[in-house]
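Notes follow the structure.
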Amino acid sequence: MSKKTKASWAEPYKIKMVELLKMPTISQRKKMIIEAGYNTFLLKSKDVYIDLLTDSGTSAMSDRQWAGLMLGDEAYAGSENYYNLEKSVKKYYGYKYIIPTHQGRGAENILSKILIKKGDIIPGNMYFTTTRLHQELAGGTFIDVIIDEAHDSKSLHPFKGNIDLKKVEALISKYGKDKIPYICVATTVNMAGGQPISLENLKQLRTLTKKNNIKIILDMTRIAENAYFIKLREKGYSKKSIASIVKEICDQTDGATMSAKKDALVNIGGFLAINDKELFEEASNLVVVYEGLHTYGGLAGRDMEAMAIGIQESVSDNHINARIGQVLYLGEKLKEAGIPIVEPIGGHGIFLDAKRFLPHIKQDHYPAQTLAAEIYIDSGVRTMERGIVSAGRNSKTGKNYYPELELVRLTIPRRVYTQAHMDVVAESIIKVYKRKEKIKGLKMTYEPKYLRFFQAKFEKL
Ligand SMILES: *Cc1c(COP(=O)(O)O)cnc(C)c1O
């Protein structure tokens, strides 16, 4: 997607403070990965050099956000910062009502509890770990309605996050519209490799759901990145601002859950946004049980202020050009070296295709988990698994899910690393690729019941 003729991007900021990196030696790394049970989530941060585990809560805040922290109004009720956050959400996203939560899953919990009844079906464009779990805990069943291309790491479809409307129609005729409270639409689908949904597709879904009285709830965690791809790839949007595209996406929906730890450039925070007053009142009541009063929802006043400012910064064209420019830079480097990655390159990171990288390792021996561990051993770069370990088990049958995509995610934190860091990352992966035949798989030695990828432990076969 990055045309060679396009002008170079540069970071639209300069550096005011630095954090020194840790540089563990090879013998330390070999010891640490065994201690961590070959699970990069169990490594200590002090043993990591370049940390691409996640883009969640790892953004660098701006001087304005840090200044905002000093304006924290830590009143239990009616904090000034809550009203600033509300203003920001209304202005940039257009939703009528908002409830802050400690992070995205707090909003998912409340949303699932107010909208899902036992036996309900919740279609979505590919599952996300915490989202699906909250839907299931509320008695619902998630069903994937993403287009088939999303499951093919080689398909170059420009909008692999699109929803297959035929799949939605089939669900409506099979279960009845009353069994489908809402469709969960994610912007840049995390589990598909950061792939966007088009506005055309979203508008078609809107027409279909309106006819059937079904809501659309957005998982708007990476909405600014999705807007960038719409501007780049969708007809009629090249001259529109990221901010206006973001607003247009929100306008097609009835509400949203947000993990502000991603696009909104804060280290902690999230919210539930909704346009329906009655639902808002129900949610305001429930948030008191799980998060805190509806004007702080588990956050300090200062955190809400940083979020209000981060939302504004996140929809700037300059910011998003450089953010995705850096991801593309790393992806192109890997592609040039023949490394199998998910294409087109997505918004928040690069996804290595572990099935093609390590074809001799069976999915039951965790190729992506293995590869993430090998990259750490090679260079101290921390990545994570998005494959059979993340997919978990079906909660009813207890059987493992076998996802098509067996990926290692290199997630790029926002405004944190430089292009030189991306060079180091690419070199390490190329080095591991050269010795791929010698790499052996893993066996699981400890499996937690929920979201096992966070805490599972492994041994070398
Ligand atoms: C991170 C994330 C969530 C959950 O948010 P948390 O802030 O981690 O609780 C939900 N959906 C998507 C797509 C995410 O990436």
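Convention: chains lettered A, B, ... in structure tokens order; per-chain residue numbering from 1; ligands numbered from 1 as shown.
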Can you tell me which residues surround region 79-84 of chain A at a distance of at most 8 Å, considering only C-alpha atoms, apart from same-chain residues fewer than 4 positions away, and format the answer as a PyMOL selection string?
chain A and resi 72-75+88+295-296+301-302+304-305+308
For the residues in the current selection, export all heavy atoms as a short mmCIF file (atom, residue, chain, number, x, y, z; two decimals), in the first residue's frame.
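Just written: selection19.cif:
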data_model
loop_
_atom_site.label_atom_id
_atom_site.label_comp_id
_atom_site.auth_asym_id
_atom_site.auth_seq_id
_atom_site.Cartn_x
_atom_site.Cartn_y
_atom_site.Cartn_z
N GLY A 72 -6.18 17.20 37.40
CA GLY A 72 -7.11 16.20 37.91
C GLY A 72 -7.99 16.78 39.00
O GLY A 72 -7.49 17.35 39.96
N ASP A 73 -9.29 16.62 38.82
CA ASP A 73 -10.26 17.05 39.84
C ASP A 73 -10.74 15.77 40.50
O ASP A 73 -11.59 15.08 39.96
CB ASP A 73 -11.39 17.82 39.16
CG ASP A 73 -12.57 18.08 40.10
OD1 ASP A 73 -12.45 17.79 41.31
OD2 ASP A 73 -13.61 18.57 39.61
N GLU A 74 -10.15 15.44 41.65
CA GLU A 74 -10.40 14.14 42.24
C GLU A 74 -11.61 14.15 43.18
O GLU A 74 -11.60 13.57 44.26
CB GLU A 74 -9.15 13.60 42.94
CG GLU A 74 -7.87 13.60 42.08
CD GLU A 74 -8.01 12.86 40.73
OE1 GLU A 74 -8.95 12.07 40.56
OE2 GLU A 74 -7.18 13.13 39.84
N ALA A 75 -12.65 14.84 42.76
CA ALA A 75 -13.91 14.81 43.51
C ALA A 75 -14.58 13.46 43.27
O ALA A 75 -14.48 12.92 42.17
CB ALA A 75 -14.82 15.92 43.02
N SER A 88 -15.37 15.80 24.80
CA SER A 88 -14.49 15.24 23.78
C SER A 88 -15.19 14.11 23.01
O SER A 88 -15.13 14.04 21.78
CB SER A 88 -13.23 14.72 24.46
OG SER A 88 -12.11 14.90 23.65
N THR A 295 -19.70 9.08 37.11
CA THR A 295 -18.85 10.18 36.64
C THR A 295 -17.37 9.91 36.85
O THR A 295 -16.54 10.80 36.64
CB THR A 295 -19.22 11.53 37.31
OG1 THR A 295 -19.13 11.36 38.73
CG2 THR A 295 -20.62 11.97 36.93
N TYR A 296 -17.01 8.68 37.26
CA TYR A 296 -15.56 8.34 37.23
C TYR A 296 -15.28 6.91 36.79
O TYR A 296 -14.20 6.63 36.26
CB TYR A 296 -14.85 8.68 38.55
CG TYR A 296 -15.09 7.70 39.68
CD1 TYR A 296 -14.31 6.55 39.81
CD2 TYR A 296 -16.08 7.93 40.62
CE1 TYR A 296 -14.53 5.65 40.84
CE2 TYR A 296 -16.30 7.03 41.65
CZ TYR A 296 -15.52 5.89 41.75
OH TYR A 296 -15.73 5.01 42.75
N GLY A 301 -9.69 11.29 38.26
CA GLY A 301 -10.04 12.46 37.45
C GLY A 301 -8.95 12.76 36.43
O GLY A 301 -9.23 13.03 35.26
N ARG A 302 -7.70 12.67 36.87
CA ARG A 302 -6.58 12.98 35.96
C ARG A 302 -6.55 12.05 34.75
O ARG A 302 -6.20 12.47 33.65
CB ARG A 302 -5.25 12.95 36.70
CG ARG A 302 -4.95 11.67 37.44
CD ARG A 302 -3.59 11.74 38.15
NE ARG A 302 -3.37 10.57 38.98
CZ ARG A 302 -3.74 10.47 40.26
NH1 ARG A 302 -4.33 11.47 40.87
NH2 ARG A 302 -3.54 9.36 40.94
N MET A 304 -9.12 10.74 33.28
CA MET A 304 -10.17 11.16 32.34
C MET A 304 -9.72 12.39 31.56
O MET A 304 -10.03 12.54 30.38
CB MET A 304 -11.48 11.45 33.10
CG MET A 304 -12.11 10.18 33.66
SD MET A 304 -13.77 10.46 34.33
CE MET A 304 -13.39 11.21 35.91
N GLU A 305 -8.96 13.27 32.21
CA GLU A 305 -8.46 14.46 31.52
C GLU A 305 -7.48 14.07 30.41
O GLU A 305 -7.56 14.56 29.28
CB GLU A 305 -7.76 15.40 32.53
CG GLU A 305 -7.44 16.77 31.99
CD GLU A 305 -8.70 17.57 31.65
OE1 GLU A 305 -9.75 17.37 32.28
OE2 GLU A 305 -8.60 18.41 30.73
N ALA A 308 -9.45 12.75 27.54
CA ALA A 308 -10.14 13.80 26.79
C ALA A 308 -9.17 14.45 25.79
O ALA A 308 -9.53 14.71 24.64
CB ALA A 308 -10.70 14.85 27.75
#
Listing only residues of chain A within 10 Å of ligand 1, what is the closest atom pair and its distance in Å (to one decimal) for each, using only C-alpha atoms and all ligand atoms, sorted by chain and residue number ascending, as CSV?
residue,atom,partner,partner_atom_place_in_ligand_line,distance
A:Thr54,CA,ligand 1,1 (C),8.9
A:Asp55,CA,ligand 1,1 (C),8.5
A:Ser56,CA,ligand 1,1 (C),6.2
A:Gly57,CA,ligand 1,7 (O),7.8
A:Thr101,CA,ligand 1,7 (O),9.1
A:His102,CA,ligand 1,7 (O),7.7
A:Gln103,CA,ligand 1,7 (O),4.0
A:Gly104,CA,ligand 1,5 (O),3.5
A:Arg105,CA,ligand 1,9 (O),3.7
A:Gly106,CA,ligand 1,9 (O),6.4
A:Ala107,CA,ligand 1,9 (O),8.1
A:Glu108,CA,ligand 1,10 (C),7.7
A:Asn109,CA,ligand 1,9 (O),9.7
A:Met126,CA,ligand 1,13 (C),9.7
A:Tyr127,CA,ligand 1,13 (C),8.5
A:Phe128,CA,ligand 1,11 (N),5.8
A:Thr129,CA,ligand 1,10 (C),7.5
A:Thr130,CA,ligand 1,4 (C),5.9
A:Thr131,CA,ligand 1,10 (C),5.9
A:Arg132,CA,ligand 1,10 (C),9.4
A:Val185,CA,ligand 1,13 (C),9.5
A:Ala186,CA,ligand 1,13 (C),6.3
A:Thr187,CA,ligand 1,13 (C),7.6
A:Thr188,CA,ligand 1,13 (C),7.8
A:Val189,CA,ligand 1,13 (C),6.4
A:Asn190,CA,ligand 1,13 (C),5.3
A:Met191,CA,ligand 1,13 (C),7.8
A:Gly194,CA,ligand 1,13 (C),9.0
A:Leu218,CA,ligand 1,11 (N),9.7
A:Asp219,CA,ligand 1,11 (N),6.0
A:Met220,CA,ligand 1,13 (C),7.5
A:Thr221,CA,ligand 1,13 (C),5.6
A:Arg222,CA,ligand 1,13 (C),7.1
A:Ile223,CA,ligand 1,13 (C),9.8
A:Thr257,CA,ligand 1,10 (C),7.7
A:Met258,CA,ligand 1,5 (O),7.0
A:Ser259,CA,ligand 1,7 (O),4.1
A:Ala260,CA,ligand 1,7 (O),6.6
A:Lys261,CA,ligand 1,7 (O),5.8
A:Lys262,CA,ligand 1,1 (C),7.0
A:Asp263,CA,ligand 1,15 (O),9.6
A:Asn267,CA,ligand 1,7 (O),9.5
A:Ile268,CA,ligand 1,7 (O),7.4
A:Gly269,CA,ligand 1,7 (O),6.8
A:Gly270,CA,ligand 1,7 (O),6.3
A:Phe271,CA,ligand 1,7 (O),9.3
A:His348,CA,ligand 1,15 (O),9.7
Show which residues sit within 6 Å of Tyr93 (chain A), as a count of residues only. Count only C-alpha atoms, and ignore same-chain residues fewer than 4 positions away.
3
Using only C-alpha atoms for the distances, tell me which of A:Ile163, A:Leu52, A:Ile214, A:Ile143 is nearest to Gly176 (chain A).
A:Ile214
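Look at Glu11 (chain A): the protein and nucleic acid residues within 9 Å of it, using only C-alpha atoms and passing over chain neighbours fewer than 4 places away, are Asn318, His319, Asn321, Ala322, Arg323, Gln326, Arg415 and Thr418 of chain A.
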Output file for the residues above (C-alpha atoms, as a tab-separated table (two decimals), in the first residue's frame):
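Once written, out27.tsv looks like this:
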chain	number	residue	atom	x	y	z
A	318	ASN	CA	-0.42	14.01	10.99
A	319	HIS	CA	-0.50	11.69	13.95
A	321	ASN	CA	0.02	9.15	9.01
A	322	ALA	CA	3.15	8.71	11.08
A	323	ARG	CA	1.62	6.02	13.29
A	326	GLN	CA	5.89	3.27	10.99
A	415	ARG	CA	4.76	7.43	19.61
A	418	THR	CA	11.86	5.12	16.31
Got a sec: who's within 9 Å of Asp364 (chain A), counting only C-alpha atoms, leaving out chain neighbours fewer than 3 positions off, as a list of chain:residue names?
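Counting only the stated atoms, we get A:Ile361, A:Pro367, A:Ile388, A:Tyr402, A:Gly441, A:Leu442, A:Lys443.
From CA of Val389 (chain A) back to CA of Phe453 (chain A), the distance works out to 5.4 Å.
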Using only C-alpha atoms, can you tell me which of A:Asp63, A:Glu459, A:Asp423, A:Glu343 comes closest to Gly193 (chain A)?
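Between A:Asp63, A:Glu459, A:Asp423, A:Glu343, the residue approaching Gly193 (chain A) most closely is A:Glu343.
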State, in Å with one decimal place, the distance from CA of Glu385 (chain A) to CA of Ala368 (chain A).
5.4 Å
Find, counting only C-alpha atoms, the residue in A:Ile341, A:Leu371, A:Leu115, A:Pro448 that gets nearest to Gly392 (chain A).
A:Pro448
All helix (DSSP H, G or I) residues (DSSP, backbone) inside region 234-265 of chain A, as a VMD selection string:
chain A and resid 242 to 251
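Every protein or nucleic acid residue with an atom no more than 8 Å from Asp120 (chain A), counting only C-alpha atoms and leaving out same-chain residues fewer than 6 positions away, appears here: Gly139, Gly140, Thr141, Lys179, Ile180 and Pro181 of chain A.
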Quick one: residues within 7 Å of Tyr95 (chain A), only C-alpha atoms counted, chain neighbours fewer than 3 positions away excluded, as a ChimeraX atom specification?
/A:89-90,255,273-275
Atoms kept (N, CA, C and O atoms) for selection, written as a short mmCIF file (atom, residue, chain, number, x, y, z; two decimals), in the first residue's frame:
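The new file out_38.cif reads:
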data_model
loop_
_atom_site.label_atom_id
_atom_site.label_comp_id
_atom_site.auth_asym_id
_atom_site.auth_seq_id
_atom_site.Cartn_x
_atom_site.Cartn_y
_atom_site.Cartn_z
N VAL A 89 -15.84 13.22 23.73
CA VAL A 89 -16.54 12.09 23.09
C VAL A 89 -17.66 12.61 22.19
O VAL A 89 -17.83 12.15 21.06
N LYS A 90 -18.42 13.58 22.67
CA LYS A 90 -19.51 14.14 21.86
C LYS A 90 -18.97 14.81 20.61
O LYS A 90 -19.50 14.64 19.53
N GLY A 255 -24.04 2.79 19.53
CA GLY A 255 -23.25 2.92 20.75
C GLY A 255 -21.91 2.27 20.53
O GLY A 255 -21.63 1.74 19.44
N ALA A 273 -20.26 4.16 25.33
CA ALA A 273 -21.02 5.29 24.78
C ALA A 273 -22.31 4.74 24.20
O ALA A 273 -22.31 3.65 23.63
N ILE A 274 -23.39 5.48 24.35
CA ILE A 274 -24.67 4.97 23.87
C ILE A 274 -25.59 6.15 23.53
O ILE A 274 -25.50 7.20 24.14
N ASN A 275 -26.45 5.97 22.56
CA ASN A 275 -27.35 7.07 22.17
C ASN A 275 -28.72 6.97 22.81
O ASN A 275 -29.45 7.95 22.87
#
Among listed residues A:Ile50, A:Ile110, A:Leu199, A:Ile183, nearest Phe142 (chain A) (using only C-alpha atoms)
A:Ile183
Report the distance between CA of Lys46 (chain A) and CA of Lys22 (chain A) in Å, rounded to one decimal place.
6.3 Å
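Proximity to Ala77 (chain A) was assessed for A:Pro403, A:Pro413, A:Gly236, A:Gly298 counting only C-alpha atoms; the smallest distance is recorded for A:Gly298.
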